[in-house]
file target-v9.txt (compact mmCIF, C-alpha atoms and all ligand atoms)
# COMPACT_ATOMS: atom_id res chain seq x y z
CA MET Y 1 -19.00 -8.89 13.48
CA ASN Y 2 -18.93 -6.63 10.40
CA PRO Y 3 -15.31 -5.51 10.09
CA THR Y 4 -14.32 -1.97 9.18
CA ILE Y 5 -10.99 -1.25 7.49
CA VAL Y 6 -9.12 2.03 7.30
CA HIS Y 7 -6.90 2.07 4.20
CA ILE Y 8 -4.09 4.62 3.93
CA SER Y 9 -1.08 4.72 1.60
CA ASP Y 10 2.11 6.47 0.49
CA LEU Y 11 2.86 8.34 3.70
CA HIS Y 12 6.42 9.20 2.53
CA PHE Y 13 8.09 9.98 5.84
CA GLN Y 14 11.29 11.77 4.93
CA THR Y 15 14.70 12.90 6.18
CA TYR Y 16 17.89 13.79 4.33
CA PRO Y 17 20.79 11.32 4.25
CA GLN Y 18 22.92 11.86 7.38
CA ASN Y 19 26.27 10.77 5.96
CA PHE Y 20 28.19 10.11 2.76
CA GLN Y 21 27.45 6.38 2.86
CA GLU Y 22 23.72 7.12 2.62
CA CYS Y 23 24.15 9.51 -0.33
CA LYS Y 24 24.80 6.85 -2.90
CA SER Y 25 23.45 6.25 -6.38
CA LYS Y 26 19.74 6.74 -6.91
CA ARG Y 27 19.32 8.69 -3.66
CA ILE Y 28 21.10 11.67 -5.24
CA LEU Y 29 18.28 11.85 -7.76
CA GLY Y 30 15.75 11.26 -4.98
CA MET Y 31 17.24 14.06 -2.89
CA GLY Y 32 16.74 16.48 -5.77
CA ASN Y 33 13.13 15.39 -6.03
CA LEU Y 34 12.73 15.69 -2.26
CA PHE Y 35 14.30 19.13 -2.10
CA PHE Y 36 12.26 20.62 -4.90
CA ARG Y 37 8.86 18.96 -4.44
CA ARG Y 38 8.32 16.33 -1.81
CA ALA Y 39 9.55 18.17 1.31
CA LYS Y 40 6.82 20.78 0.87
CA GLN Y 41 4.24 18.17 -0.06
CA TYR Y 42 4.69 16.01 3.09
CA PRO Y 43 5.16 18.07 6.27
CA LEU Y 44 5.49 15.77 9.30
CA GLN Y 45 2.60 17.62 10.90
CA ARG Y 46 0.19 16.15 8.30
CA ALA Y 47 1.24 12.62 9.28
CA LYS Y 48 0.62 13.42 12.94
CA LEU Y 49 -2.81 14.83 12.09
CA LEU Y 50 -3.61 11.68 10.09
CA VAL Y 51 -2.74 9.50 13.09
CA GLU Y 52 -4.95 11.63 15.36
CA GLN Y 53 -7.85 11.53 12.89
CA ILE Y 54 -7.66 7.73 12.54
CA GLN Y 55 -7.45 7.29 16.33
CA GLN Y 56 -10.84 8.97 16.55
CA MET Y 57 -12.43 6.76 13.90
CA LYS Y 58 -14.12 3.39 14.25
CA TRP Y 59 -12.07 0.61 12.64
CA ASP Y 60 -11.06 -2.98 13.20
CA HIS Y 61 -8.15 -3.24 10.79
CA LEU Y 62 -5.63 -0.75 9.40
CA VAL Y 63 -4.08 -1.27 5.94
CA ILE Y 64 -1.03 0.70 4.76
CA SER Y 65 -0.27 -0.15 1.14
CA GLY Y 66 3.37 0.88 0.89
CA ASP Y 67 5.73 3.83 0.50
CA LEU Y 68 6.16 4.59 4.17
CA THR Y 69 9.36 6.43 3.27
CA GLN Y 70 10.88 8.59 0.56
CA LEU Y 71 14.47 7.30 0.21
CA SER Y 72 14.27 4.14 2.37
CA LEU Y 73 16.69 5.64 4.89
CA GLU Y 74 16.83 4.04 8.32
CA ARG Y 75 15.93 7.37 9.97
CA GLU Y 76 12.82 7.63 7.78
CA PHE Y 77 11.68 4.17 8.88
CA SER Y 78 12.27 4.95 12.54
CA LEU Y 79 10.37 8.24 12.17
CA ALA Y 80 7.49 6.39 10.48
CA ARG Y 81 7.42 3.75 13.20
CA GLU Y 82 7.50 6.35 15.99
CA THR Y 83 4.74 8.49 14.44
CA LEU Y 84 2.45 5.56 13.60
CA GLU Y 85 2.94 3.85 16.97
CA PRO Y 86 -0.48 4.84 18.46
CA LEU Y 87 -2.20 3.01 15.54
CA ILE Y 88 -0.05 -0.10 15.31
CA LYS Y 89 0.15 -1.36 18.88
CA ASP Y 90 -1.66 -4.59 17.99
CA PRO Y 91 -0.05 -6.23 14.91
CA GLU Y 92 -3.09 -8.52 14.56
CA ARG Y 93 -5.11 -5.45 13.54
CA VAL Y 94 -2.58 -4.08 11.09
CA THR Y 95 -1.38 -4.91 7.55
CA ILE Y 96 1.65 -3.02 6.22
CA ILE Y 97 3.27 -3.89 2.89
CA PRO Y 98 6.29 -2.21 1.22
CA GLY Y 99 6.26 0.14 -1.78
CA ASN Y 100 9.03 0.96 -4.24
CA HIS Y 101 10.27 3.87 -2.09
CA ASP Y 102 10.79 1.43 0.81
CA ARG Y 103 13.25 -0.55 -1.33
CA TYR Y 104 14.78 2.45 -3.04
CA ILE Y 105 18.29 1.11 -3.51
CA LYS Y 106 20.08 -2.18 -2.98
CA GLU Y 107 21.44 -1.89 0.57
CA SER Y 108 24.83 -3.32 1.35
CA GLY Y 109 24.77 -6.68 3.09
CA GLY Y 110 21.19 -7.25 1.91
CA LYS Y 111 19.82 -4.98 4.66
CA ASP Y 112 16.06 -4.42 4.47
CA TYR Y 113 14.89 -1.59 6.73
CA TYR Y 114 11.23 -2.20 5.84
CA LYS Y 115 11.57 -5.71 7.31
CA GLN Y 116 13.52 -4.45 10.28
CA TYR Y 117 10.98 -1.78 11.25
CA PHE Y 118 7.67 -3.09 9.86
CA GLY Y 119 8.26 -6.78 9.09
CA GLU Y 120 6.04 -7.89 11.99
CA PHE Y 121 3.03 -6.42 10.15
CA PHE Y 122 3.68 -8.65 7.13
CA GLY Y 123 5.12 -11.81 8.64
CA ASP Y 124 7.87 -14.03 7.30
CA LYS Y 125 5.87 -15.98 4.71
CA GLU Y 126 5.57 -15.37 0.95
CA ILE Y 127 2.25 -13.54 1.52
CA HIS Y 128 0.72 -11.83 4.53
CA VAL Y 129 -2.61 -13.33 5.67
CA ARG Y 130 -5.21 -11.92 8.10
CA LYS Y 131 -8.63 -13.41 8.64
CA LEU Y 132 -11.04 -10.55 9.45
CA ASN Y 133 -14.08 -12.76 10.15
CA SER Y 134 -15.69 -15.90 8.72
CA ASP Y 135 -16.47 -14.06 5.45
CA TRP Y 136 -13.39 -11.95 4.67
CA VAL Y 137 -9.63 -12.61 4.49
CA ILE Y 138 -6.81 -10.17 3.66
CA ALA Y 139 -3.80 -11.26 1.56
CA GLY Y 140 -0.89 -8.80 1.41
CA TRP Y 141 1.71 -8.92 -1.37
CA ASP Y 142 5.29 -7.72 -1.48
CA SER Y 143 6.02 -6.67 -5.07
CA ALA Y 144 8.57 -3.90 -4.38
CA HIS Y 145 12.24 -4.26 -5.30
CA PRO Y 146 15.15 -1.94 -6.10
CA ASN Y 147 15.42 -0.75 -9.70
CA ASP Y 148 17.80 1.29 -11.80
CA TRP Y 149 17.88 5.10 -11.59
CA LEU Y 150 14.84 5.98 -13.63
CA THR Y 151 12.56 3.05 -12.85
CA ALA Y 152 9.96 2.67 -10.09
CA SER Y 153 8.40 -0.58 -11.27
CA GLY Y 154 7.56 -3.68 -9.26
CA THR Y 155 6.93 -7.35 -9.91
CA VAL Y 156 4.39 -9.77 -8.44
CA ARG Y 157 6.43 -12.94 -8.15
CA ARG Y 158 5.19 -16.26 -9.48
CA SER Y 159 5.64 -17.62 -5.94
CA THR Y 160 3.29 -14.89 -4.64
CA ILE Y 161 0.57 -15.93 -7.08
CA GLN Y 162 1.13 -19.58 -6.17
CA ALA Y 163 0.88 -18.85 -2.43
CA THR Y 164 -2.32 -16.86 -3.04
CA GLU Y 165 -3.80 -19.71 -5.09
CA ASN Y 166 -3.04 -22.07 -2.23
CA LEU Y 167 -4.66 -19.64 0.22
CA LEU Y 168 -7.84 -19.30 -1.88
CA SER Y 169 -8.26 -23.04 -2.13
CA SER Y 170 -7.68 -23.57 1.61
CA PHE Y 171 -10.80 -21.58 2.62
CA PRO Y 172 -14.49 -22.49 2.18
CA GLU Y 173 -15.90 -21.51 -1.20
CA LYS Y 174 -17.98 -18.63 0.19
CA THR Y 175 -14.94 -16.76 1.62
CA ARG Y 176 -14.15 -13.38 0.01
CA PHE Y 177 -10.62 -12.05 -0.30
CA ILE Y 178 -8.95 -8.64 -0.24
CA ILE Y 179 -5.59 -8.26 -1.98
CA VAL Y 180 -3.27 -5.51 -0.72
CA ASN Y 181 -0.50 -4.55 -3.15
CA HIS Y 182 1.37 -1.30 -3.71
CA TYR Y 183 0.83 -0.97 -7.47
CA PRO Y 184 -2.39 -0.10 -9.34
CA LEU Y 185 -4.06 -2.44 -11.83
CA THR Y 186 -6.26 0.24 -13.40
CA PHE Y 187 -5.88 3.91 -14.29
CA PRO Y 188 -8.26 6.84 -14.78
CA GLU Y 189 -9.58 7.35 -18.29
CA GLY Y 190 -7.09 9.19 -20.48
CA TRP Y 191 -4.22 8.50 -18.04
CA GLU Y 192 -0.87 8.08 -19.77
CA VAL Y 193 0.59 4.93 -18.27
CA ASP Y 194 4.34 5.14 -17.67
CA HIS Y 195 5.62 1.57 -18.01
CA PHE Y 196 8.76 2.39 -16.00
CA HIS Y 197 6.54 3.30 -13.04
CA GLU Y 198 4.10 0.37 -12.89
CA LEU Y 199 4.07 -3.38 -12.36
CA TYR Y 200 6.23 -5.14 -14.94
CA ASN Y 201 3.61 -7.91 -15.10
CA LEU Y 202 0.52 -5.74 -14.71
CA VAL Y 203 -1.61 -7.40 -17.40
CA PRO Y 204 -1.08 -11.05 -16.40
CA VAL Y 205 -1.60 -10.15 -12.72
CA ARG Y 206 -4.82 -8.27 -13.47
CA ASN Y 207 -6.09 -11.13 -15.63
CA TRP Y 208 -5.24 -13.65 -12.94
CA ILE Y 209 -7.15 -11.66 -10.30
CA LEU Y 210 -10.16 -11.33 -12.59
CA ARG Y 211 -10.22 -15.12 -12.92
CA GLN Y 212 -10.55 -15.47 -9.11
CA PRO Y 213 -14.21 -14.66 -8.40
CA ASN Y 214 -13.69 -14.63 -4.62
CA ILE Y 215 -11.19 -11.77 -4.79
CA ARG Y 216 -13.57 -8.83 -4.40
CA LEU Y 217 -11.33 -5.99 -3.30
CA TYR Y 218 -7.89 -4.75 -4.36
CA LEU Y 219 -6.28 -2.06 -2.15
CA HIS Y 220 -3.29 -0.12 -3.46
CA GLY Y 221 -1.47 3.21 -3.66
CA HIS Y 222 1.57 4.36 -5.71
CA ILE Y 223 -0.15 6.96 -7.89
CA HIS Y 224 -0.91 9.91 -5.65
CA ARG Y 225 -4.62 10.14 -6.28
CA ASN Y 226 -7.60 8.61 -4.53
CA TRP Y 227 -9.94 6.61 -6.69
CA GLN Y 228 -12.49 3.80 -6.73
CA HIS Y 229 -12.55 1.69 -9.87
CA ARG Y 230 -14.64 -1.33 -10.75
CA LEU Y 231 -13.84 -4.17 -13.14
CA SER Y 232 -16.74 -6.35 -14.16
CA ARG Y 233 -16.53 -10.12 -14.58
CA ASP Y 234 -18.63 -12.21 -16.96
CA SER Y 235 -20.35 -14.46 -14.49
CA ALA Y 236 -19.07 -13.37 -11.08
CA PRO Y 237 -19.29 -10.27 -8.86
CA GLU Y 238 -17.17 -7.29 -9.89
CA LEU Y 239 -13.74 -6.42 -8.54
CA LEU Y 240 -13.51 -3.13 -6.62
CA LEU Y 241 -10.10 -1.40 -6.75
CA LEU Y 242 -9.31 1.37 -4.25
CA ASN Y 243 -6.40 3.80 -4.40
CA SER Y 244 -5.76 5.60 -1.08
CA ALA Y 245 -2.58 7.48 -2.00
CA SER Y 246 -1.34 9.81 -0.83
CA SER Y 247 -2.97 10.05 2.57
CA THR Y 248 -0.57 12.55 4.15
CA SER Y 249 0.17 14.96 1.31
CA ILE Y 250 -0.95 18.58 1.13
CA LEU Y 251 -4.27 18.69 -0.71
CA TYR Y 252 -4.22 19.58 -4.37
CA PRO Y 253 -6.99 21.81 -5.78
CA GLY Y 254 -10.27 19.94 -5.97
CA GLN Y 255 -9.07 16.92 -3.99
CA LYS Y 256 -12.00 15.24 -2.26
CA SER Y 257 -10.40 12.49 -0.16
CA SER Y 258 -7.08 11.37 1.35
CA PHE Y 259 -7.95 7.78 2.25
CA HIS Y 260 -10.84 5.31 2.59
CA GLN Y 261 -12.92 3.67 5.28
CA ILE Y 262 -14.34 0.32 4.14
CA GLU Y 263 -17.21 -1.45 5.88
CA LEU Y 264 -17.76 -5.13 5.10
CA ALA Y 265 -21.21 -6.55 5.78
CA GLY Y 266 -21.71 -10.04 4.40
CA ASP Y 267 -21.24 -9.69 0.67
CA LYS Y 268 -21.62 -5.89 0.76
CA VAL Y 269 -18.75 -3.42 0.65
CA LYS Y 270 -19.41 0.18 1.67
CA VAL Y 271 -16.61 2.64 0.89
CA SER Y 272 -16.43 6.10 2.48
CA PRO Y 273 -13.82 8.53 1.13
CA ILE Y 274 -12.27 10.55 3.99
CA LEU Y 275 -10.45 13.87 3.71
CA LEU Y 276 -7.51 14.60 6.02
CA LYS Y 277 -8.50 17.94 7.47
FE FE Z 301 5.16 4.06 -4.96

call {"tool": "encode", "arguments": {"input": "target-v9.txt", "output": "structure tokens", "more": "lines below"}}
Ligand SMILES: [Fe+2]
result
Amino acid sequence: MNPTIVHISDLHFQTYPQNFQECKSKRILGMGNLFFRRAKQYPLQRAKLLVEQIQQMKWDHLVISGDLTQLSLEREFSLARETLEPLIKDPERVTIIPGNHDRYIKESGGKDYYKQYFGEFFGDKEIHVRKLNSDWVIAGWDSAHPNDWLTASGTVRRSTIQATENLLSSFPEKTRFIIVNHYPLTFPEGWEVDHFHELYNLVPVRNWILRQPNIRLYLHGHIHRNWQHRLSRDSAPELLLLNSASSTSILYPGQKSSFHQIELAGDKVKVSPILLK
């Protein structure tokens, strides 16, 4: 079987806080952002259209690489869950990891709505693992954590790298791996990287991945652009990095795709950019 993946990201389901308790700290800033920009950018209707479009496509596995919500409100998570339901009936066919907007603030009592509403699509281990066939395995990472007011950064924990190393060594040498993580490792040429918006340990993580020749694909979101980047390795196949954000947003002028369909055939990876109509 040659598996086909649909990769979407940064769906940003949104509602306003319903009570004073939900209006705390960083959310006030987020509400301003939502009111002025995001609400217009992410009408719920686009998310429903995305679900319909994906239902009509051929795929074996769905990957959502974080930022299901805008302010990590419980109502946003329940709206996301309800809208995505037709696609996520079988958790074996679905990988969903959190983004920084899904851990927007430190909730009282250590509450984690991402885990409550979507935890079954990650599992309760350090990393999420799904074997697609005898050639390809997915490893999902959780690098999102609350930050101060003006920071959107994440961190790939040492324990995540360790668990991934253990995973790589537990499979036959010919197995290829796909890492799913919210944050990018590369940027378009001339892009001004904002260090308060990216992985704190971007460089060591990128270098570590490049040293693992069996990691062939890196699926992410976070920056609301679609792109396909390639990083070459000295004596191993290249690493392909795909950004599928933001799959639900209103199209900006000249935008050519909203997400990606990825076909895996043996060693070959065929990527088709798809536009949400
Ligand atoms: Fe993000």

call {"tool": "closest_atom_pairs", "arguments": {"input": "target-v9.txt", "of": "chain Y", "to": "ligand FE 301 (chain Z)", "cutoff": "9 Å", "atoms": "only C-alpha atoms and all ligand atoms", "output": "Markdown table"}}
result
| residue | atom | partner | partner_atom | distance |
| --- | --- | --- | --- | --- |
| Y:Asp10 | CA | Z:FE301 | FE | 6.7 |
| Y:Gly66 | CA | Z:FE301 | FE | 6.9 |
| Y:Asp67 | CA | Z:FE301 | FE | 5.5 |
| Y:Pro98 | CA | Z:FE301 | FE | 8.9 |
| Y:Gly99 | CA | Z:FE301 | FE | 5.2 |
| Y:Asn100 | CA | Z:FE301 | FE | 5.0 |
| Y:His101 | CA | Z:FE301 | FE | 5.9 |
| Y:Asp102 | CA | Z:FE301 | FE | 8.5 |
| Y:Ala144 | CA | Z:FE301 | FE | 8.7 |
| Y:Ala152 | CA | Z:FE301 | FE | 7.2 |
| Y:Ser153 | CA | Z:FE301 | FE | 8.5 |
| Y:His182 | CA | Z:FE301 | FE | 6.7 |
| Y:Tyr183 | CA | Z:FE301 | FE | 7.1 |
| Y:His197 | CA | Z:FE301 | FE | 8.2 |
| Y:Glu198 | CA | Z:FE301 | FE | 8.8 |
| Y:Gly221 | CA | Z:FE301 | FE | 6.8 |
| Y:His222 | CA | Z:FE301 | FE | 3.7 |
| Y:Ile223 | CA | Z:FE301 | FE | 6.7 |
| Y:His224 | CA | Z:FE301 | FE | 8.5 |
| Y:Ala245 | CA | Z:FE301 | FE | 9.0 |

call {"tool": "write_last_selection", "arguments": {"input": "target-v9.txt", "atoms": "C-alpha atoms", "output": "compact mmCIF listing (two decimals), in the coordinates of the input"}}
result
# COMPACT_ATOMS: atom_id res chain seq x y z
CA ASP Y 10 2.11 6.47 0.49
CA GLY Y 66 3.37 0.88 0.89
CA ASP Y 67 5.73 3.83 0.50
CA PRO Y 98 6.29 -2.21 1.22
CA GLY Y 99 6.26 0.14 -1.78
CA ASN Y 100 9.03 0.96 -4.24
CA HIS Y 101 10.27 3.87 -2.09
CA ASP Y 102 10.79 1.43 0.81
CA ALA Y 144 8.57 -3.90 -4.38
CA ALA Y 152 9.96 2.67 -10.09
CA SER Y 153 8.40 -0.58 -11.27
CA HIS Y 182 1.37 -1.30 -3.71
CA TYR Y 183 0.83 -0.97 -7.47
CA HIS Y 197 6.54 3.30 -13.04
CA GLU Y 198 4.10 0.37 -12.89
CA GLY Y 221 -1.47 3.21 -3.66
CA HIS Y 222 1.57 4.36 -5.71
CA ILE Y 223 -0.15 6.96 -7.89
CA HIS Y 224 -0.91 9.91 -5.65
CA ALA Y 245 -2.58 7.48 -2.00

call {"tool": "atom_distance", "arguments": {"input": "target-v9.txt", "atom1": "CA of Leu242 in chain Y", "atom2": "CA of Arg46 in chain Y"}}
result
21.6 Å

call {"tool": "atom_distance", "arguments": {"input": "target-v9.txt", "atom1": "CA of Leu68 in chain Y", "atom2": "CA of Leu202 in chain Y"}}
result
22.2 Å

call {"tool": "closest_residue", "arguments": {"input": "target-v9.txt", "among": "Y:Ile8, Y:Val269, Y:Leu241, Y:Leu275", "to": "Gly254 in chain Y", "atoms": "only C-alpha atoms"}}
result
Y:Leu275

call {"tool": "residues_around", "arguments": {"input": "target-v9.txt", "residues": "Tyr117 in chain Y", "least_positions_apart": "5", "cutoff": "10 Å", "atoms": "all atoms listed in the file", "output": "PyMOL selection string"}}
result
chain Y and resi 74+77-78+80-81+112

call {"tool": "write_last_selection", "arguments": {"input": "target-v9.txt", "atoms": "C-alpha atoms", "output": "CSV table (one decimal), in the coordinates of the input"}}
result
chain,number,residue,atom,x,y,z
Y,74,GLU,CA,16.8,4.0,8.3
Y,77,PHE,CA,11.7,4.2,8.9
Y,78,SER,CA,12.3,5.0,12.5
Y,80,ALA,CA,7.5,6.4,10.5
Y,81,ARG,CA,7.4,3.8,13.2
Y,112,ASP,CA,16.1,-4.4,4.5

call {"tool": "residues_around", "arguments": {"input": "target-v9.txt", "residues": "Asn2 in chain Y", "least_positions_apart": "3", "cutoff": "10 Å", "atoms": "all atoms listed in the file", "output": "ChimeraX atom specification"}}
result
/Y:60,132-136,263-266

call {"tool": "atom_distance", "arguments": {"input": "target-v9.txt", "atom1": "CA of Gln162 in chain Y", "atom2": "CA of Ser72 in chain Y"}}
result
28.4 Å

call {"tool": "decode", "arguments": {"input": "target-v9.txt", "residues": "range 29-133 of chain Y", "atoms": "C-alpha atoms", "output": "CSV table (one decimal), in the first residue's frame"}}
result
chain,number,residue,atom,x,y,z
Y,29,LEU,CA,-3.9,41.2,23.6
Y,30,GLY,CA,-5.1,38.2,21.6
Y,31,MET,CA,-8.7,39.6,21.6
Y,32,GLY,CA,-7.4,42.8,20.0
Y,33,ASN,CA,-5.6,40.9,17.4
Y,34,LEU,CA,-8.7,38.7,16.8
Y,35,PHE,CA,-11.0,41.7,16.6
Y,36,PHE,CA,-8.9,43.7,14.1
Y,37,ARG,CA,-7.5,40.9,11.9
Y,38,ARG,CA,-8.2,37.3,12.6
Y,39,ALA,CA,-12.0,37.3,12.8
Y,40,LYS,CA,-12.2,38.4,9.1
Y,41,GLN,CA,-9.4,36.1,8.1
Y,42,TYR,CA,-10.9,32.9,9.5
Y,43,PRO,CA,-14.7,32.7,8.8
Y,44,LEU,CA,-16.1,29.4,10.2
Y,45,GLN,CA,-17.5,28.7,6.7
Y,46,ARG,CA,-14.0,28.3,5.3
Y,47,ALA,CA,-13.3,25.5,7.9
Y,48,LYS,CA,-16.5,23.7,6.9
Y,49,LEU,CA,-15.5,24.0,3.2
Y,50,LEU,CA,-12.1,22.6,4.0
Y,51,VAL,CA,-13.6,19.6,5.8
Y,52,GLU,CA,-16.0,19.0,2.8
Y,53,GLN,CA,-13.1,19.3,0.3
Y,54,ILE,CA,-10.9,16.8,2.3
Y,55,GLN,CA,-13.8,14.3,2.6
Y,56,GLN,CA,-13.9,14.2,-1.2
Y,57,MET,CA,-10.2,13.5,-1.5
Y,58,LYS,CA,-8.3,10.2,-1.4
Y,59,TRP,CA,-6.1,9.9,1.7
Y,60,ASP,CA,-5.0,7.4,4.3
Y,61,HIS,CA,-3.8,9.7,7.0
Y,62,LEU,CA,-4.6,13.2,8.1
Y,63,VAL,CA,-2.0,15.4,9.7
Y,64,ILE,CA,-2.9,18.7,11.5
Y,65,SER,CA,0.3,20.5,12.7
Y,66,GLY,CA,-1.1,22.7,15.4
Y,67,ASP,CA,-2.9,26.0,16.1
Y,68,LEU,CA,-6.4,24.5,16.1
Y,69,THR,CA,-7.6,27.6,18.1
Y,70,GLN,CA,-6.9,31.3,18.4
Y,71,LEU,CA,-7.0,31.9,22.2
Y,72,SER,CA,-7.1,28.3,23.5
Y,73,LEU,CA,-10.5,28.8,24.9
Y,74,GLU,CA,-12.6,25.7,25.7
Y,75,ARG,CA,-15.3,26.8,23.3
Y,76,GLU,CA,-12.8,27.1,20.5
Y,77,PHE,CA,-11.6,23.5,21.1
Y,78,SER,CA,-15.2,22.2,21.2
Y,79,LEU,CA,-16.0,24.1,18.0
Y,80,ALA,CA,-12.9,22.7,16.3
Y,81,ARG,CA,-13.7,19.1,17.4
Y,82,GLU,CA,-17.3,19.4,16.2
Y,83,THR,CA,-16.4,20.8,12.8
Y,84,LEU,CA,-13.5,18.4,12.2
Y,85,GLU,CA,-15.6,15.3,13.4
Y,86,PRO,CA,-16.3,13.9,9.9
Y,87,LEU,CA,-12.5,13.7,9.2
Y,88,ILE,CA,-11.3,12.3,12.6
Y,89,LYS,CA,-13.7,9.4,13.3
Y,90,ASP,CA,-10.8,6.9,13.2
Y,91,PRO,CA,-7.9,8.1,15.5
Y,92,GLU,CA,-5.6,5.6,13.9
Y,93,ARG,CA,-5.8,7.6,10.7
Y,94,VAL,CA,-5.2,11.0,12.3
Y,95,THR,CA,-2.2,12.9,13.8
Y,96,ILE,CA,-3.0,16.2,15.6
Y,97,ILE,CA,-0.3,18.1,17.5
Y,98,PRO,CA,-0.6,21.4,19.4
Y,99,GLY,CA,0.6,24.8,18.3
Y,100,ASN,CA,1.4,27.9,20.5
Y,101,HIS,CA,-2.2,29.2,20.2
Y,102,ASP,CA,-3.4,25.9,21.7
Y,103,ARG,CA,-1.4,26.7,24.8
Y,104,TYR,CA,-1.9,30.4,24.8
Y,105,ILE,CA,-1.9,31.0,28.6
Y,106,LYS,CA,-1.1,29.0,31.7
Y,107,GLU,CA,-4.6,27.6,32.7
Y,108,SER,CA,-5.4,27.4,36.3
Y,109,GLY,CA,-5.1,23.9,37.8
Y,110,GLY,CA,-2.9,22.9,34.9
Y,111,LYS,CA,-5.9,22.4,32.6
Y,112,ASP,CA,-4.9,21.5,29.0
Y,113,TYR,CA,-7.9,21.8,26.6
Y,114,TYR,CA,-5.8,20.5,23.7
Y,115,LYS,CA,-5.3,17.3,25.6
Y,116,GLN,CA,-8.9,17.2,26.7
Y,117,TYR,CA,-10.3,17.6,23.2
Y,118,PHE,CA,-7.6,16.2,20.9
Y,119,GLY,CA,-5.3,14.2,23.2
Y,120,GLU,CA,-6.4,10.9,21.7
Y,121,PHE,CA,-4.8,11.9,18.4
Y,122,PHE,CA,-1.4,12.3,20.0
Y,123,GLY,CA,-1.4,9.7,22.8
Y,124,ASP,CA,0.0,9.9,26.3
Y,125,LYS,CA,3.7,9.2,25.4
Y,126,GLU,CA,6.5,11.8,24.9
Y,127,ILE,CA,6.0,11.5,21.2
Y,128,HIS,CA,3.2,10.4,18.9
Y,129,VAL,CA,3.9,7.4,16.7
Y,130,ARG,CA,2.0,6.1,13.7
Y,131,LYS,CA,3.3,3.4,11.4
Y,132,LEU,CA,1.9,4.1,7.9
Y,133,ASN,CA,3.3,1.0,6.2
